[in-house]
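Structure first, then comments.
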Amino acid sequence: MAPQRRGGPRAPEGGGGAGSGPDRGERRRPSSVKKSRSQQELRRKWLKAAFLISSAVLGGLLSWSYLKNEDGVTEVLAHSSESLQDRFVEVPCSEDYDSHKRFEGCTPRKCGRGITDALITREEAERIRRIAERGLSLGGSDGGASILDLHSGALSLGKHFVNLYRYFGDKIQDVFTEEDFQLYRDIRQRIQHRIAQAFGISSSSMYLTKPTFFSRINNTEAKTAHDEYWHPHIDKVAYGSFDYTSLLYLSDYAEDFGGGRFVFMDVGSNKTVEPRSGRVSFFTSGSENLHRVEKVRWGTRYAVTISFTCNPDHGIGDPVLT
């Protein structure tokens, strides 16, 4: 009987024979089939779930990739969380400078962009920001972008601009101090020397040029074309006189505001700078540095734009409190 018991369990595996009786192997067959079908169904459900999950993940990655490419930002040149001694990236010069009079020893032959957190202290940046806050408290745009130009006196007011020196007269003495203007001049000089050093030119061959101004940006809807700060542009094309542009940031990205990053729009691979209080970003002003500013989504972004020309005819003096 032992051989029959050993052969019984093997019969279902081998298919059984025509004269086989209903031994114990055959009686177990329905249970074994049910178990096998249950395992197959479980595998099918698991594979289906895995497919749906992987499809969702892949779809998310593709969407992220699309949005990333739409935004164009693929590299951060400077994070707001890092403190940079100096960072410089050289880029080929455009032909924009050829359509203007060249000034040897100043007109860019070496082009690029630089970033430093070692030129202006955060304490100095805070003092400069307070100058901007006091001045802009006198007016402000109805839209999301307001400017204050200490040189010309231009101040955003509603949908227009006024000359704050004429508009407010002697009251300006209660808003600004000579110490404010001296700090502004000192910071301008430091930035000018740093630009000259980076591009291998003489700082004495550079002249401050207009417009040079404070900016305050929030997420208020634009009311006029002046409020639409986010469009790509080239400083040399927009202003003509610009040869070197600098920005001193007076607030921190992701802490004081969201959005509002500065984007160099390079072909195929844009670069972005995250503002940090006291950070100076500077660059040659031609189309080699096509750029834009992202829309500010929340909070308030403060900065000051200080630009330089090689043409003495386009130079301006430092602002003076009179």
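Identifiers for the structure tokens are assigned positionally: chains receive A, B, ... in sequence, residues are indexed from 1 per chain, and ligands are indexed from 1 in the order shown.
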* Asked: Skipping near chain neighbours, those fewer than 4 positions away, what residues fall within 12 Å of Glu294 in chain A using only C-alpha atoms, listed as number ranges by chain?
  -> A: 71-73, 217-219, 228-232, 253, 257-265, 272-275, 298, 301
* To do: Name all residues at most 10 Å from Asp180 in chain A (count only C-alpha atoms; drop same-chain ones fewer than 6 positions away) and give them as a PyMOL selection string.
  => chain A and resi 127-128+130-131+321
Got a sec: who's within 8 Å of range 193-210 of chain A, counting only C-alpha atoms, leaving out chain neighbours fewer than 4 positions off, as a PDB file with N, CA and C atoms, in the first residue's frame?
ATOM      1  N   PHE A  88      31.972  83.982 -10.426  1.00  0.00           N
ATOM      2  CA  PHE A  88      31.972  84.677 -11.716  1.00  0.00           C
ATOM      3  C   PHE A  88      31.874  83.665 -12.844  1.00  0.00           C
ATOM      4  N   GLY A 105      39.487 100.369 -22.802  1.00  0.00           N
ATOM      5  CA  GLY A 105      39.737 100.264 -21.375  1.00  0.00           C
ATOM      6  C   GLY A 105      38.470 100.240 -20.552  1.00  0.00           C
ATOM      7  N   CYS A 106      37.294 100.264 -21.250  1.00  0.00           N
ATOM      8  CA  CYS A 106      36.026 100.229 -20.517  1.00  0.00           C
ATOM      9  C   CYS A 106      34.963  99.403 -21.243  1.00  0.00           C
ATOM     10  N   PRO A 108      33.008  96.653 -22.824  1.00  0.00           N
ATOM     11  CA  PRO A 108      33.264  95.229 -22.573  1.00  0.00           C
ATOM     12  C   PRO A 108      33.908  94.487 -23.744  1.00  0.00           C
ATOM     13  N   LYS A 110      35.478  91.490 -22.352  1.00  0.00           N
ATOM     14  CA  LYS A 110      35.245  90.297 -21.546  1.00  0.00           C
ATOM     15  C   LYS A 110      33.853  90.465 -20.944  1.00  0.00           C
ATOM     16  N   CYS A 111      32.981  89.495 -21.190  1.00  0.00           N
ATOM     17  CA  CYS A 111      31.597  89.605 -20.711  1.00  0.00           C
ATOM     18  C   CYS A 111      31.283  88.465 -19.751  1.00  0.00           C
ATOM     19  N   GLY A 114      28.610  88.130 -12.364  1.00  0.00           N
ATOM     20  CA  GLY A 114      29.246  87.820 -11.086  1.00  0.00           C
ATOM     21  C   GLY A 114      28.273  87.985  -9.928  1.00  0.00           C
ATOM     22  N   GLN A 189      30.339 103.124  -4.779  1.00  0.00           N
ATOM     23  CA  GLN A 189      31.766 103.076  -5.090  1.00  0.00           C
ATOM     24  C   GLN A 189      32.325 101.667  -4.953  1.00  0.00           C
ATOM     25  N   SER A 241      22.653 103.464 -22.847  1.00  0.00           N
ATOM     26  CA  SER A 241      23.853 103.915 -22.148  1.00  0.00           C
ATOM     27  C   SER A 241      24.483 102.816 -21.288  1.00  0.00           C
ATOM     28  N   PHE A 242      23.702 101.814 -20.895  1.00  0.00           N
ATOM     29  CA  PHE A 242      24.207 100.793 -19.972  1.00  0.00           C
ATOM     30  C   PHE A 242      25.329  99.961 -20.595  1.00  0.00           C
ATOM     31  N   TYR A 244      27.430  98.179 -17.889  1.00  0.00           N
ATOM     32  CA  TYR A 244      27.515  97.248 -16.760  1.00  0.00           C
ATOM     33  C   TYR A 244      26.331  97.519 -15.824  1.00  0.00           C
ATOM     34  N   PHE A 282      26.100  91.322 -10.602  1.00  0.00           N
ATOM     35  CA  PHE A 282      26.482  92.296 -11.626  1.00  0.00           C
ATOM     36  C   PHE A 282      26.792  91.570 -12.932  1.00  0.00           C
ATOM     37  N   ILE A 306      21.934  99.642  -9.787  1.00  0.00           N
ATOM     38  CA  ILE A 306      22.973 100.657  -9.981  1.00  0.00           C
ATOM     39  C   ILE A 306      23.733 100.290 -11.252  1.00  0.00           C
ATOM     40  N   SER A 307      23.712 101.184 -12.231  1.00  0.00           N
ATOM     41  CA  SER A 307      24.280 100.857 -13.541  1.00  0.00           C
ATOM     42  C   SER A 307      25.342 101.865 -13.966  1.00  0.00           C
ATOM     43  N   PHE A 308      26.210 101.396 -14.867  1.00  0.00           N
ATOM     44  CA  PHE A 308      27.376 102.189 -15.264  1.00  0.00           C
ATOM     45  C   PHE A 308      27.515 102.214 -16.777  1.00  0.00           C
ATOM     46  N   THR A 309      28.077 103.326 -17.259  1.00  0.00           N
ATOM     47  CA  THR A 309      28.337 103.508 -18.674  1.00  0.00           C
ATOM     48  C   THR A 309      29.814 103.822 -18.882  1.00  0.00           C
ATOM     49  N   CYS A 310      30.267 103.566 -20.079  1.00  0.00           N
ATOM     50  CA  CYS A 310      31.637 103.940 -20.436  1.00  0.00           C
ATOM     51  C   CYS A 310      31.669 105.303 -21.124  1.00  0.00           C
ATOM     52  N   ASN A 311      30.517 105.818 -21.483  1.00  0.00           N
ATOM     53  CA  ASN A 311      30.416 107.092 -22.199  1.00  0.00           C
ATOM     54  C   ASN A 311      30.209 108.231 -21.196  1.00  0.00           C
ATOM     55  N   PRO A 312      31.187 109.113 -21.055  1.00  0.00           N
ATOM     56  CA  PRO A 312      31.053 110.205 -20.082  1.00  0.00           C
ATOM     57  C   PRO A 312      29.863 111.118 -20.360  1.00  0.00           C
ATOM     58  N   HIS A 314      26.969 110.206 -20.940  1.00  0.00           N
ATOM     59  CA  HIS A 314      25.782 109.626 -20.324  1.00  0.00           C
ATOM     60  C   HIS A 314      25.930 109.473 -18.807  1.00  0.00           C
ATOM     61  N   GLY A 315      27.010 110.012 -18.263  1.00  0.00           N
ATOM     62  CA  GLY A 315      27.253 109.890 -16.839  1.00  0.00           C
ATOM     63  C   GLY A 315      26.397 110.846 -16.012  1.00  0.00           C
ATOM     64  N   ILE A 316      26.127 110.452 -14.778  1.00  0.00           N
ATOM     65  CA  ILE A 316      25.402 111.304 -13.836  1.00  0.00           C
ATOM     66  C   ILE A 316      26.168 111.331 -12.514  1.00  0.00           C
ATOM     67  N   GLY A 317      25.862 112.290 -11.688  1.00  0.00           N
ATOM     68  CA  GLY A 317      26.527 112.379 -10.395  1.00  0.00           C
ATOM     69  C   GLY A 317      25.778 111.627  -9.315  1.00  0.00           C
ATOM     70  N   ASP A 318      26.417 111.455  -8.176  1.00  0.00           N
ATOM     71  CA  ASP A 318      25.743 110.835  -7.033  1.00  0.00           C
ATOM     72  C   ASP A 318      24.624 111.742  -6.541  1.00  0.00           C
TER      73      ASP A 318
END
* Please run DSSP on the backbone and report, as a VMD selection string, all residues within range 74-111 of chain A that come out as helix (DSSP H, G or I). => chain A and resid 96 to 99
Based on the selection just made, write N, CA and C atoms of those residues as a PDB file, in the first residue's frame.
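The resulting again_15.pdb:
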ATOM      1  N   ASP A  96      26.217  93.764 -29.484  1.00  0.00           N
ATOM      2  CA  ASP A  96      25.468  94.982 -29.154  1.00  0.00           C
ATOM      3  C   ASP A  96      26.377  96.201 -29.000  1.00  0.00           C
ATOM      4  N   TYR A  97      27.567  95.984 -28.464  1.00  0.00           N
ATOM      5  CA  TYR A  97      28.463  97.106 -28.175  1.00  0.00           C
ATOM      6  C   TYR A  97      29.039  97.717 -29.454  1.00  0.00           C
ATOM      7  N   ASP A  98      29.004  96.957 -30.567  1.00  0.00           N
ATOM      8  CA  ASP A  98      29.567  97.450 -31.823  1.00  0.00           C
ATOM      9  C   ASP A  98      28.734  98.565 -32.432  1.00  0.00           C
ATOM     10  N   SER A  99      27.460  98.645 -32.046  1.00  0.00           N
ATOM     11  CA  SER A  99      26.590  99.685 -32.599  1.00  0.00           C
ATOM     12  C   SER A  99      26.671 100.979 -31.779  1.00  0.00           C
TER      13      SER A  99
END
* To do: Find, counting only C-alpha atoms, the residue in A:Ala222, A:Leu183, A:Ala145, A:Val91 that gets nearest to Pro319 in chain A.
  =>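 That would be A:Leu183, the residue with the smallest distance to Pro319 in chain A.
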* Asked: Can you tell me how far CA of Asp142 in chain A sits from CA of Gly158 in chain A, in Å to one decimal?
  ->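 If I compute the distance from CA of Asp142 in chain A to CA of Gly158 in chain A, I get 4.7 Å.
With distances restricted to only C-alpha atoms, A:Thr284 is the closest residue to Arg109 in chain A from A:Gly299, A:Thr284, A:Arg190, A:His233.
Candidate residues A:Asp149, A:Gly278, A:Thr220, A:Ser269 were compared for distance to Val296 in chain A, and the nearest is A:Thr220, using only C-alpha atoms.
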* For Ala125 in chain A, list every protein, DNA or RNA residue within 8 Å, evaluated using only C-alpha atoms, and leave out those in the same chain fewer than 2 positions away; present the list as a list in words. =>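 The contact residues come out as Ile120, Thr121, Arg122, Glu123, Arg127, Ile128, Arg129, Tyr249, Leu250, Ser277 and Gly278 of chain A.
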* Asked: Quick one: distance from CA of Arg279 in chain A to CA of Thr116 in chain A in Å, one decimal?
  -> 5.9 Å
Show which residues sit within 9 Å of range 165-174 of chain A, as a PDB file with C-alpha atoms, in the first residue's frame. Count only C-alpha atoms, and ignore same-chain residues fewer than 2 positions away.
ATOM      1  CA  GLY A 135      11.155 107.087   0.491  1.00  0.00           C
ATOM      2  CA  LEU A 138       5.708 108.811   0.399  1.00  0.00           C
ATOM      3  CA  SER A 152      16.265 112.198 -10.623  1.00  0.00           C
ATOM      4  CA  GLY A 153      13.739 112.265  -7.786  1.00  0.00           C
ATOM      5  CA  ALA A 154      11.359 109.945  -9.664  1.00  0.00           C
ATOM      6  CA  VAL A 162       6.318 112.539  -9.421  1.00  0.00           C
ATOM      7  CA  ASN A 163       9.565 114.302  -8.616  1.00  0.00           C
ATOM      8  CA  PHE A 176      16.390 111.339   4.489  1.00  0.00           C
ATOM      9  CA  THR A 177      19.650 112.321   6.159  1.00  0.00           C
ATOM     10  CA  GLU A 178      23.070 113.171   4.799  1.00  0.00           C
ATOM     11  CA  LEU A 321      20.510 115.896  -0.268  1.00  0.00           C
ATOM     12  CA  THR A 322      19.801 119.626  -0.671  1.00  0.00           C
TER      13      THR A 322
END
* **Those of range 81-203 of chain A in DSSP strand (DSSP E), formatted as a list in words** => Arg87, Phe88, Val89, Glu90, Val91, Cys111, Gly112, Arg113, Gly114, Ile115, Thr116, Gly140, Ser141, Ala145, Ser146, Ile147, Leu148, Ala154, Leu155, Ser156, Leu157, Gly158, His160, Phe161, Val162 and Asn163 of chain A
* One decimal, Å: what's the distance from CA of Phe103 in chain A over to CA of Ser246 in chain A, could you say? =>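 A separation of 19.8 Å between them.
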